[in-house]
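Enquirer: mmCIF, C-alpha atoms and all ligand atoms, file protein23.cif:
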```cif
data_start
#
loop_
_atom_site.label_atom_id
_atom_site.label_comp_id
_atom_site.auth_asym_id
_atom_site.auth_seq_id
_atom_site.Cartn_x
_atom_site.Cartn_y
_atom_site.Cartn_z
CA MET A 1 -45.79 -34.71 41.70
CA GLU A 2 -42.81 -34.99 44.04
CA THR A 3 -39.52 -33.12 44.34
CA LEU A 4 -36.64 -34.28 46.52
CA PHE A 5 -33.74 -32.20 47.74
CA THR A 6 -30.95 -34.48 48.97
CA ASN A 7 -27.71 -33.68 50.82
CA ALA A 8 -29.16 -30.35 51.94
CA THR A 9 -27.87 -28.21 54.79
CA VAL A 10 -31.22 -26.99 56.10
CA ILE A 11 -31.51 -23.52 57.63
CA ASP A 12 -34.98 -24.08 59.02
CA GLY A 13 -36.02 -20.44 59.55
CA LEU A 14 -36.52 -21.07 63.26
CA GLY A 15 -32.85 -20.69 64.19
CA GLY A 16 -31.72 -24.26 63.52
CA VAL A 17 -29.18 -25.56 60.99
CA ARG A 18 -28.89 -29.28 60.16
CA GLU A 19 -26.59 -30.99 57.68
CA GLY A 20 -27.22 -34.07 55.58
CA GLN A 21 -30.95 -33.55 55.24
CA MET A 22 -33.47 -34.68 52.67
CA VAL A 23 -36.46 -32.40 52.05
CA CYS A 24 -39.46 -33.85 50.23
CA VAL A 25 -42.01 -31.68 48.46
CA ARG A 26 -45.29 -33.21 47.40
CA ASP A 27 -47.34 -30.94 45.11
CA ASN A 28 -47.06 -27.56 46.88
CA VAL A 29 -46.35 -28.77 50.42
CA ILE A 30 -43.21 -29.83 52.29
CA SER A 31 -44.16 -33.43 53.08
CA ASP A 32 -41.07 -34.58 54.95
CA VAL A 33 -37.78 -33.30 56.34
CA GLY A 34 -35.13 -35.51 57.87
CA LEU A 35 -32.05 -37.62 57.51
CA ALA A 36 -31.91 -39.15 54.06
CA SER A 37 -32.60 -42.65 55.36
CA ALA A 38 -35.68 -41.60 57.32
CA ALA A 39 -37.38 -39.31 54.81
CA THR A 40 -39.94 -41.01 52.63
CA SER A 41 -40.18 -40.59 48.89
CA GLU A 42 -41.82 -42.07 45.82
CA SER A 43 -39.89 -43.32 42.85
CA GLY A 44 -40.15 -41.02 39.86
CA ALA A 45 -39.56 -37.90 41.94
CA LYS A 46 -37.52 -35.01 40.56
CA VAL A 47 -34.27 -35.11 42.57
CA TYR A 48 -31.90 -32.23 43.28
CA ASP A 49 -28.63 -33.33 44.91
CA LEU A 50 -27.58 -30.16 46.75
CA ALA A 51 -24.12 -31.49 47.70
CA GLY A 52 -24.27 -29.74 51.07
CA ARG A 53 -25.63 -26.42 49.81
CA MET A 54 -27.95 -24.40 52.01
CA LEU A 55 -31.72 -24.85 51.74
CA MET A 56 -33.88 -22.32 53.57
CA PRO A 57 -37.45 -20.99 53.59
CA GLY A 58 -38.47 -18.51 50.93
CA MET A 59 -37.86 -15.10 52.43
CA ILE A 60 -40.54 -12.61 53.42
CA ASP A 61 -40.27 -8.84 52.99
CA THR A 62 -42.91 -7.23 55.22
CA HIS A 63 -42.52 -3.66 53.98
CA LEU A 64 -41.83 -2.58 50.41
CA HIS A 65 -43.30 -0.55 47.55
CA PHE A 66 -43.68 -1.58 43.93
CA GLY A 67 -46.64 0.33 42.50
CA GLY A 68 -45.25 1.97 39.39
CA GLY A 69 -42.07 -0.10 39.56
CA ASP A 70 -38.95 1.28 41.20
CA TYR A 71 -39.25 4.89 42.30
CA ASP A 72 -38.42 7.40 39.60
CA PRO A 73 -39.49 11.04 39.91
CA GLY A 74 -40.11 11.02 36.16
CA HIS A 75 -42.75 8.32 36.57
CA GLU A 76 -44.83 9.99 39.26
CA HIS A 77 -47.45 11.16 36.79
CA ASP A 78 -47.75 7.90 34.88
CA SER A 79 -51.25 6.71 34.12
CA VAL A 80 -52.60 3.90 36.31
CA GLY A 81 -52.16 1.48 33.43
CA LEU A 82 -48.51 2.33 32.92
CA ALA A 83 -47.84 2.26 36.69
CA SER A 84 -49.42 -1.21 36.83
CA LEU A 85 -47.37 -2.49 33.92
CA ARG A 86 -44.15 -1.23 35.49
CA SER A 87 -45.10 -3.14 38.66
CA VAL A 88 -45.10 -6.48 36.84
CA ASP A 89 -41.33 -6.54 36.45
CA ALA A 90 -40.76 -5.12 39.95
CA ILE A 91 -42.57 -7.93 41.76
CA ARG A 92 -41.00 -10.57 39.54
CA ARG A 93 -37.57 -9.30 40.66
CA SER A 94 -38.46 -9.79 44.35
CA LEU A 95 -39.47 -13.38 43.63
CA MET A 96 -36.28 -14.09 41.68
CA ALA A 97 -34.30 -12.62 44.61
CA GLY A 98 -35.69 -15.35 46.86
CA PHE A 99 -38.56 -13.35 48.39
CA THR A 100 -41.55 -15.61 47.99
CA THR A 101 -43.86 -13.39 50.07
CA ILE A 102 -43.99 -9.60 50.14
CA ARG A 103 -46.21 -7.05 51.81
CA SER A 104 -46.80 -3.79 50.03
CA ALA A 105 -46.71 -0.78 52.36
CA GLY A 106 -48.85 1.67 50.45
CA VAL A 107 -49.18 2.52 46.80
CA ARG A 108 -51.04 4.83 44.45
CA ASP A 109 -54.38 3.67 43.06
CA HIS A 110 -54.44 0.29 44.86
CA VAL A 111 -52.06 -1.10 42.24
CA ASP A 112 -50.80 -3.73 44.72
CA ILE A 113 -54.28 -5.16 45.30
CA ASP A 114 -54.72 -5.73 41.58
CA ALA A 115 -51.17 -7.13 41.28
CA ARG A 116 -51.94 -9.60 44.08
CA ASP A 117 -55.07 -10.74 42.29
CA ALA A 118 -53.23 -11.06 38.97
CA VAL A 119 -50.55 -13.25 40.63
CA ASN A 120 -53.19 -15.36 42.36
CA GLN A 121 -55.03 -15.82 39.07
CA GLY A 122 -51.81 -16.85 37.30
CA GLU A 123 -51.83 -13.85 34.96
CA ILE A 124 -48.37 -12.68 36.03
CA ILE A 125 -45.44 -14.21 37.91
CA GLY A 126 -44.70 -12.87 41.36
CA PRO A 127 -44.37 -13.61 45.04
CA ARG A 128 -47.33 -14.14 47.34
CA ILE A 129 -48.52 -10.57 47.91
CA LEU A 130 -50.21 -8.95 50.88
CA ALA A 131 -51.55 -5.62 49.74
CA SER A 132 -52.36 -2.43 51.58
CA GLY A 133 -53.80 -0.33 48.78
CA ARG A 134 -53.46 3.42 49.13
CA GLY A 135 -53.27 3.52 52.93
CA ILE A 136 -54.42 6.30 55.23
CA THR A 137 -52.82 9.60 56.13
CA MET A 138 -54.06 12.92 57.51
CA THR A 139 -54.59 16.13 55.58
CA GLY A 140 -51.14 17.07 54.34
CA GLY A 141 -49.58 14.04 56.07
CA HIS A 142 -46.89 11.71 54.77
CA PHE A 143 -47.86 10.19 51.37
CA HIS A 144 -50.90 12.49 51.07
CA GLU A 145 -50.30 12.59 47.30
CA ALA A 146 -51.65 9.03 47.04
CA ALA A 147 -53.18 7.87 50.34
CA TYR A 148 -56.67 8.58 51.66
CA GLU A 149 -56.55 11.83 53.60
CA ALA A 150 -58.69 11.40 56.71
CA ASP A 151 -59.11 13.54 59.84
CA GLY A 152 -60.86 12.56 63.02
CA VAL A 153 -62.02 9.15 64.19
CA ASP A 154 -65.01 8.92 61.82
CA GLU A 155 -63.04 9.73 58.68
CA VAL A 156 -60.21 7.38 59.60
CA ARG A 157 -62.74 4.62 60.27
CA LYS A 158 -64.39 5.24 56.91
CA ALA A 159 -61.03 5.19 55.09
CA ALA A 160 -60.10 1.91 56.79
CA ARG A 161 -63.43 0.42 55.75
CA ALA A 162 -62.96 1.66 52.18
CA LEU A 163 -59.55 -0.04 52.05
CA ILE A 164 -60.98 -3.30 53.37
CA LYS A 165 -63.84 -3.05 50.86
CA ARG A 166 -61.33 -2.62 48.02
CA GLY A 167 -59.46 -5.74 49.20
CA ALA A 168 -56.58 -4.57 51.39
CA ASP A 169 -54.91 -7.24 53.55
CA SER A 170 -53.19 -4.68 55.72
CA ILE A 171 -54.00 -1.10 56.67
CA LYS A 172 -51.00 1.18 56.21
CA ILE A 173 -51.22 4.09 58.62
CA PHE A 174 -48.90 6.75 57.27
CA ALA A 175 -49.74 9.60 59.63
CA ILE A 176 -47.87 8.29 62.66
CA SER A 177 -45.10 10.81 61.99
CA PRO A 178 -44.03 12.98 59.07
CA GLY A 179 -41.33 11.66 56.75
CA VAL A 180 -37.78 12.47 57.78
CA ALA A 181 -37.48 14.91 54.90
CA ALA A 182 -40.50 16.89 56.12
CA MET A 183 -39.51 17.03 59.77
CA GLY A 184 -37.28 20.10 59.69
CA ASN A 185 -35.01 20.35 62.69
CA ASP A 186 -37.57 18.96 65.13
CA LEU A 187 -37.49 15.21 64.62
CA ASP A 188 -39.98 14.52 67.40
CA THR A 189 -43.30 15.58 65.91
CA ALA A 190 -46.42 13.42 65.89
CA ALA A 191 -49.29 13.19 63.40
CA PHE A 192 -52.52 11.22 64.01
CA THR A 193 -53.85 11.18 67.59
CA VAL A 194 -54.04 7.92 69.52
CA GLU A 195 -57.82 7.90 68.93
CA GLU A 196 -57.42 8.27 65.15
CA ILE A 197 -54.84 5.47 64.98
CA ARG A 198 -57.02 3.29 67.20
CA ALA A 199 -59.97 3.75 64.83
CA ALA A 200 -57.94 2.22 61.98
CA VAL A 201 -56.55 -0.52 64.22
CA THR A 202 -60.01 -1.46 65.48
CA GLU A 203 -61.41 -1.72 61.94
CA ALA A 204 -58.45 -3.82 60.84
CA ARG A 205 -58.62 -6.16 63.81
CA ASN A 206 -62.40 -6.55 63.52
CA ALA A 207 -61.94 -7.67 59.91
CA LYS A 208 -58.91 -9.86 60.81
CA LYS A 209 -56.62 -7.62 58.79
CA LEU A 210 -53.17 -6.32 59.68
CA THR A 211 -51.89 -2.82 60.38
CA GLN A 212 -48.50 -1.35 59.54
CA THR A 213 -47.09 2.10 60.12
CA HIS A 214 -44.76 4.87 59.06
CA SER A 215 -43.22 5.48 62.50
CA ILE A 216 -40.14 7.66 62.62
CA SER A 217 -40.50 10.05 65.58
CA LEU A 218 -40.67 8.87 69.17
CA ALA A 219 -43.82 10.92 69.90
CA GLY A 220 -45.69 9.40 66.95
CA THR A 221 -44.37 5.92 67.65
CA LYS A 222 -45.62 6.07 71.23
CA ASN A 223 -49.08 7.04 69.96
CA ALA A 224 -49.05 4.05 67.59
CA ILE A 225 -47.94 1.67 70.34
CA GLU A 226 -50.69 2.99 72.62
CA ALA A 227 -53.25 2.41 69.85
CA GLY A 228 -52.10 -1.23 69.45
CA VAL A 229 -50.76 -1.41 65.89
CA HIS A 230 -49.20 -4.70 64.73
CA SER A 231 -45.83 -3.21 63.80
CA ILE A 232 -43.69 -0.13 64.23
CA ASP A 233 -42.14 0.26 60.78
CA HIS A 234 -38.91 2.32 60.62
CA GLY A 235 -38.75 2.86 64.42
CA VAL A 236 -35.89 5.29 64.03
CA PHE A 237 -36.32 6.87 67.45
CA LEU A 238 -37.15 4.48 70.30
CA ASP A 239 -36.56 4.62 74.01
CA GLU A 240 -36.68 1.99 76.73
CA GLU A 241 -40.28 2.75 77.60
CA ALA A 242 -41.38 2.37 73.97
CA CYS A 243 -39.52 -0.94 73.65
CA GLN A 244 -41.04 -2.24 76.89
CA ARG A 245 -44.55 -1.32 75.74
CA MET A 246 -43.91 -3.08 72.41
CA ILE A 247 -42.86 -6.21 74.30
CA ASP A 248 -45.93 -6.00 76.57
CA LYS A 249 -48.26 -5.67 73.57
CA GLY A 250 -46.45 -8.07 71.21
CA ILE A 251 -45.78 -5.31 68.67
CA TYR A 252 -43.08 -5.99 66.08
CA LEU A 253 -40.30 -3.69 64.98
CA VAL A 254 -39.66 -3.58 61.22
CA PRO A 255 -36.51 -1.45 61.11
CA THR A 256 -36.16 -0.76 57.34
CA PHE A 257 -32.56 0.46 57.35
CA GLY A 258 -32.53 0.43 53.56
CA PRO A 259 -33.95 3.85 52.65
CA PHE A 260 -32.03 5.74 55.32
CA TYR A 261 -28.80 4.03 54.25
CA TYR A 262 -29.42 4.72 50.58
CA TYR A 263 -30.31 8.35 51.24
CA ALA A 264 -27.36 8.97 53.52
CA PHE A 265 -24.57 7.01 51.85
CA LYS A 266 -25.51 6.15 48.28
CA ARG A 267 -26.82 9.68 47.79
CA ILE A 268 -28.75 8.82 44.66
CA ALA A 269 -31.76 10.80 45.88
CA GLU A 270 -31.96 14.58 46.24
CA SER A 271 -29.26 16.06 48.48
CA TRP A 272 -31.75 17.47 51.00
CA ARG A 273 -33.06 13.96 51.61
CA SER A 274 -29.51 12.73 52.11
CA GLU A 275 -28.73 15.48 54.63
CA ARG A 276 -31.84 14.65 56.68
CA ALA A 277 -31.16 10.93 56.52
CA MET A 278 -27.65 11.40 57.93
CA MET A 279 -29.33 12.57 61.16
CA THR A 280 -31.12 9.23 61.49
CA ILE A 281 -28.30 6.73 60.98
CA GLU A 282 -26.89 6.56 64.50
CA PRO A 283 -30.18 6.95 66.45
CA HIS A 284 -31.74 4.28 64.21
CA ARG A 285 -28.97 1.75 64.91
CA LYS A 286 -29.10 2.58 68.62
CA SER A 287 -32.88 2.07 68.72
CA PHE A 288 -32.53 -1.24 66.87
CA ARG A 289 -29.86 -2.55 69.23
CA MET A 290 -31.90 -1.50 72.29
CA ALA A 291 -34.99 -3.23 70.92
CA MET A 292 -33.01 -6.36 70.08
CA GLU A 293 -31.33 -6.53 73.48
CA MET A 294 -34.60 -5.95 75.34
CA GLY A 295 -36.33 -8.68 73.33
CA VAL A 296 -38.69 -6.77 71.01
CA LYS A 297 -39.86 -9.05 68.18
CA ILE A 298 -38.21 -8.04 64.91
CA ALA A 299 -39.27 -8.73 61.31
CA MET A 300 -37.46 -7.81 58.12
CA GLY A 301 -38.77 -5.15 55.74
CA SER A 302 -36.67 -3.39 53.11
CA ASP A 303 -38.84 -0.38 52.20
CA LEU A 304 -37.44 -0.67 48.69
CA GLY A 305 -39.26 1.09 45.89
CA ALA A 306 -39.50 4.24 48.04
CA PRO A 307 -37.76 7.47 46.91
CA SER A 308 -34.44 6.12 48.25
CA ARG A 309 -33.96 4.50 44.80
CA MET A 310 -33.45 1.09 46.42
CA LYS A 311 -34.74 -1.21 43.69
CA ASN A 312 -37.12 -4.13 43.79
CA GLY A 313 -34.93 -7.24 43.88
CA GLU A 314 -32.42 -5.63 46.25
CA ASN A 315 -34.48 -6.82 49.23
CA ALA A 316 -31.65 -8.77 50.88
CA VAL A 317 -29.48 -5.65 51.14
CA GLU A 318 -31.69 -4.91 54.15
CA MET A 319 -30.46 -8.12 55.80
CA GLN A 320 -26.85 -7.04 55.30
CA LEU A 321 -27.72 -3.71 56.98
CA MET A 322 -29.37 -5.53 59.91
CA VAL A 323 -26.20 -7.57 60.40
CA GLU A 324 -24.06 -4.43 60.16
CA ALA A 325 -26.30 -2.85 62.82
CA GLY A 326 -25.53 -5.69 65.22
CA MET A 327 -27.93 -8.60 64.60
CA SER A 328 -26.44 -12.05 64.07
CA PRO A 329 -26.89 -13.57 60.59
CA GLU A 330 -28.87 -16.43 62.17
CA ASP A 331 -31.33 -14.03 63.82
CA THR A 332 -31.53 -11.89 60.68
CA ILE A 333 -32.60 -14.96 58.69
CA VAL A 334 -35.24 -15.74 61.34
CA ALA A 335 -36.44 -12.11 61.06
CA ALA A 336 -36.88 -12.60 57.30
CA THR A 337 -38.59 -15.99 57.60
CA SER A 338 -40.50 -17.29 60.65
CA SER A 339 -40.72 -13.94 62.48
CA ALA A 340 -41.95 -12.18 59.37
CA ALA A 341 -44.49 -14.98 58.85
CA LYS A 342 -45.75 -14.51 62.41
CA LEU A 343 -46.11 -10.76 61.94
CA LEU A 344 -48.17 -11.43 58.81
CA ALA A 345 -50.22 -14.14 60.59
CA LEU A 346 -49.10 -16.66 57.96
CA ASP A 347 -46.89 -18.77 60.22
CA ASP A 348 -49.18 -21.78 59.96
CA ARG A 349 -48.35 -21.90 56.21
CA ILE A 350 -44.94 -20.31 55.55
CA GLY A 351 -41.69 -19.14 57.14
CA SER A 352 -39.99 -22.43 58.06
CA ILE A 353 -38.79 -25.71 56.59
CA GLU A 354 -41.16 -28.11 58.35
CA PRO A 355 -43.55 -30.83 57.20
CA GLY A 356 -46.94 -29.35 56.37
CA LYS A 357 -45.67 -25.91 55.37
CA LEU A 358 -46.09 -24.61 51.83
CA ALA A 359 -43.09 -25.37 49.64
CA ASP A 360 -41.54 -21.89 49.56
CA ILE A 361 -37.87 -22.85 49.29
CA VAL A 362 -34.64 -21.10 48.44
CA VAL A 363 -31.33 -22.84 47.77
CA VAL A 364 -28.21 -20.72 48.24
CA LYS A 365 -24.82 -21.65 46.86
CA ARG A 366 -22.81 -19.94 49.63
CA ASN A 367 -23.49 -20.05 53.36
CA PRO A 368 -25.41 -16.88 54.35
CA ILE A 369 -24.61 -17.45 58.02
CA GLU A 370 -20.93 -16.97 57.17
CA ASP A 371 -21.67 -14.12 54.76
CA ILE A 372 -25.15 -12.65 54.66
CA THR A 373 -24.45 -11.03 51.26
CA ALA A 374 -24.69 -14.52 49.74
CA LEU A 375 -28.44 -13.84 49.77
CA GLN A 376 -27.95 -11.01 47.26
CA THR A 377 -26.04 -12.97 44.67
CA ASP A 378 -25.69 -16.70 45.10
CA PHE A 379 -29.08 -18.24 44.36
CA GLY A 380 -29.29 -21.80 43.21
CA LEU A 381 -33.04 -22.19 43.18
CA VAL A 382 -36.26 -20.38 44.07
CA MET A 383 -39.48 -22.34 44.57
CA ARG A 384 -42.80 -20.82 45.58
CA ASP A 385 -45.81 -22.96 46.37
CA GLY A 386 -44.04 -25.99 44.89
CA VAL A 387 -43.25 -24.31 41.55
CA VAL A 388 -39.61 -23.66 40.58
CA TYR A 389 -39.18 -20.12 39.21
CA ARG A 390 -35.40 -19.96 39.15
CA ASP A 391 -32.97 -22.87 38.82
CA GLU A 392 -29.27 -22.15 38.53
CA LEU A 393 -28.01 -25.13 40.49
CA GLU A 394 -26.01 -26.42 37.53
CA ALA A 395 -24.67 -23.01 36.56
ZN ZN A 401 -42.36 2.43 53.23
#
```
Show this structure as C-alpha cells.

Expert:
Amino acid sequence: METLFTNATVIDGLGGVREGQMVCVRDNVISDVGLASAATSESGAKVYDLAGRMLMPGMIDTHLHFGGGDYDPGHEHDSVGLASLRSVDAIRRSLMAGFTTIRSAGVRDHVDIDARDAVNQGEIIGPRILASGRGITMTGGHFHEAAYEADGVDEVRKAARALIKRGADSIKIFAISPGVAAMGNDLDTAAFTVEEIRAAVTEARNAKKLTQTHSISLAGTKNAIEAGVHSIDHGVFLDEEACQRMIDKGIYLVPTFGPFYYYAFKRIAESWRSERAMMTIEPHRKSFRMAMEMGVKIAMGSDLGAPSRMKNGENAVEMQLMVEAGMSPEDTIVAATSSAAKLLALDDRIGSIEPGKLADIVVVKRNPIEDITALQTDFGLVMRDGVVYRDELEA
C-alpha cells in the first residue's frame, strides 16, 4: 500500500523547508523524500497533488490533560466510566487538530493509560498516547485530589513503582511547586525536597520511563533541576543559573503558556484564578525568552484540559502564544515536532519528514511560517501511522 504526496512544500520538522518535493509513504513508513524525479514509487499508489501546499510532521503535544474530557467543574465527580467516555472525544479532537502524538500530564484514575491501550488496540480513534496515570504529589500538594500523595523518599519511590506497574510511560511529579492559584502572595515556595524528586526520577530512569513536572516557582524548579528531571513544565520563574543548569543537564523547558493566557485574558475560569495568572504573564515570557536566548532546549506542550478551560483540539493555540512570546514560527514548529520527539525519546520514529520515520503527516493549506494560526484552522490532511484520519484537501 503506497501513498504519494507530489508538489509538496516540505517543512521537515528539523528547521528546513524545501519546495517541489515528493513524499512517498509505504504502509506506515515514510519510504522516500526528494525531488519528484528522484523519489521512487510504484504504480497504483494513491496520489495527492498538493499544488505547493505545506506538508509537515504530525505535531506532538508533550503536556496536556484529557481524562474526563475538557475541564468542567460540573464533571469533577463523574464516575470513572463517564470520565473515560468523555475522554474518547477529547483525544479524537487532538488528532483531528494535527497532533498525532500527545503526552498526558496527569489524570484521575489512570484514565489516560486505558485510553492509550484502547487506541493501540484499535478500539477508539486517537493520537499516539504517552500516559502518566495519576502522577505523584505530596500530602496536600498540587493535584492531591487525584494523584498519589507520597511523603519522603520511600513513599515517593513506592508511588513511582506503582505508576510504572500500572503502565505509565512518564512519571508526572506535581509537587515541585504549588499551583499558581494556591501560592498566595509568595510565588517562590517549593514542595518536594530534592531527595524526594530524585527518588521518582531514579525509578523512572531505571525503568527507561520519562519524568515531567509542575514547575512554577523558582525554588521548586531549582530542586527539580538538581534532581535531574527530563523537563521543567510551565517554568514560569527562571533565572540565568536555572537556565544554565538546564543546559548542562540537557533538561527541556515546556513553557505551556496556554493556561496562564486563558486564565488571565479569556477569563473563563474563576476570577481568583485570573487575578493570580495576571501575575505570571510577564515573568513567564521573560523566563521563556531568557531560556531561548541562552539555548535551553524547548518542546511544545499546551496544558489544555486543565481548569483554564482550554479545550482539547485547541493545542496549536499554544504555538501562537510561543510566537507572540518571541519564538520564530520556524523554531516553534521544531519545538512541536523534532524537539518534542526528542524529549519523549521517540525521535528515532517520529518528529520529522525523513525516510524511515513513521508516516505521521499533516498537510496545511496556508503557510504556518507566515502565519502560525494556520495550524489552528487550515488543515488539508492528517495521517497517523500511514492512516488518513482527516482529508479536506478538495474542500
Ligand atoms: Zn498540566

Enquirer: Mind listing the residues within 6 Å of ligand ZN 401 (chain A), only C-alpha atoms and all ligand atoms counted, as a list in words?

Expert: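 Residues satisfying the distance criterion: Leu64, Ala105 and Asp303 of chain A.
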
Enquirer: Show me a table, sorted first by chain and then by increasing residue number, of the residues of region 33-88 of chain A having an atom at most 9 Å from region 113-116 of chain A, each with its shortest atom pair and the distance in Å to one decimal, counting all atoms listed in the file and written as JSON lines.

Expert:
```
{"residue": "A:Gly67", "atom": "CA", "partner": "A:Ala115", "partner_atom": "CA", "distance": 8.8}
{"residue": "A:Ser84", "atom": "CA", "partner": "A:Ala115", "partner_atom": "CA", "distance": 7.6}
{"residue": "A:Ser87", "atom": "CA", "partner": "A:Ala115", "partner_atom": "CA", "distance": 7.7}
{"residue": "A:Val88", "atom": "CA", "partner": "A:Ala115", "partner_atom": "CA", "distance": 7.5}
```

Enquirer: So which one's closest to Val236 (chain A), A:Ala181, A:Ala264, A:Ile281, A:Ala97? Using only C-alpha atoms, please.

Expert: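 Of A:Ala181, A:Ala264, A:Ile281, A:Ala97, the one nearest Val236 (chain A) is A:Ile281, counting only C-alpha atoms.
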
Enquirer: So that each row is one residue of region 81-171 of chain A with an atom at most 10 Å from region 335-343 of chain A, can you give its shortest atom pair and the distance in Å to one decimal, using only C-alpha atoms, rows by chain and rising number, as JSON lines?

Expert:
```
{"residue": "A:Phe99", "atom": "CA", "partner": "A:Ala336", "partner_atom": "CA", "distance": 9.1}
{"residue": "A:Thr101", "atom": "CA", "partner": "A:Ala341", "partner_atom": "CA", "distance": 8.9}
{"residue": "A:Ile102", "atom": "CA", "partner": "A:Ala340", "partner_atom": "CA", "distance": 9.8}
```

Enquirer: If I take CA of Ile369 (chain A) and CA of Asn7 (chain A), how far is one from the other in Å, to one decimal?

Expert: 18.0 Å
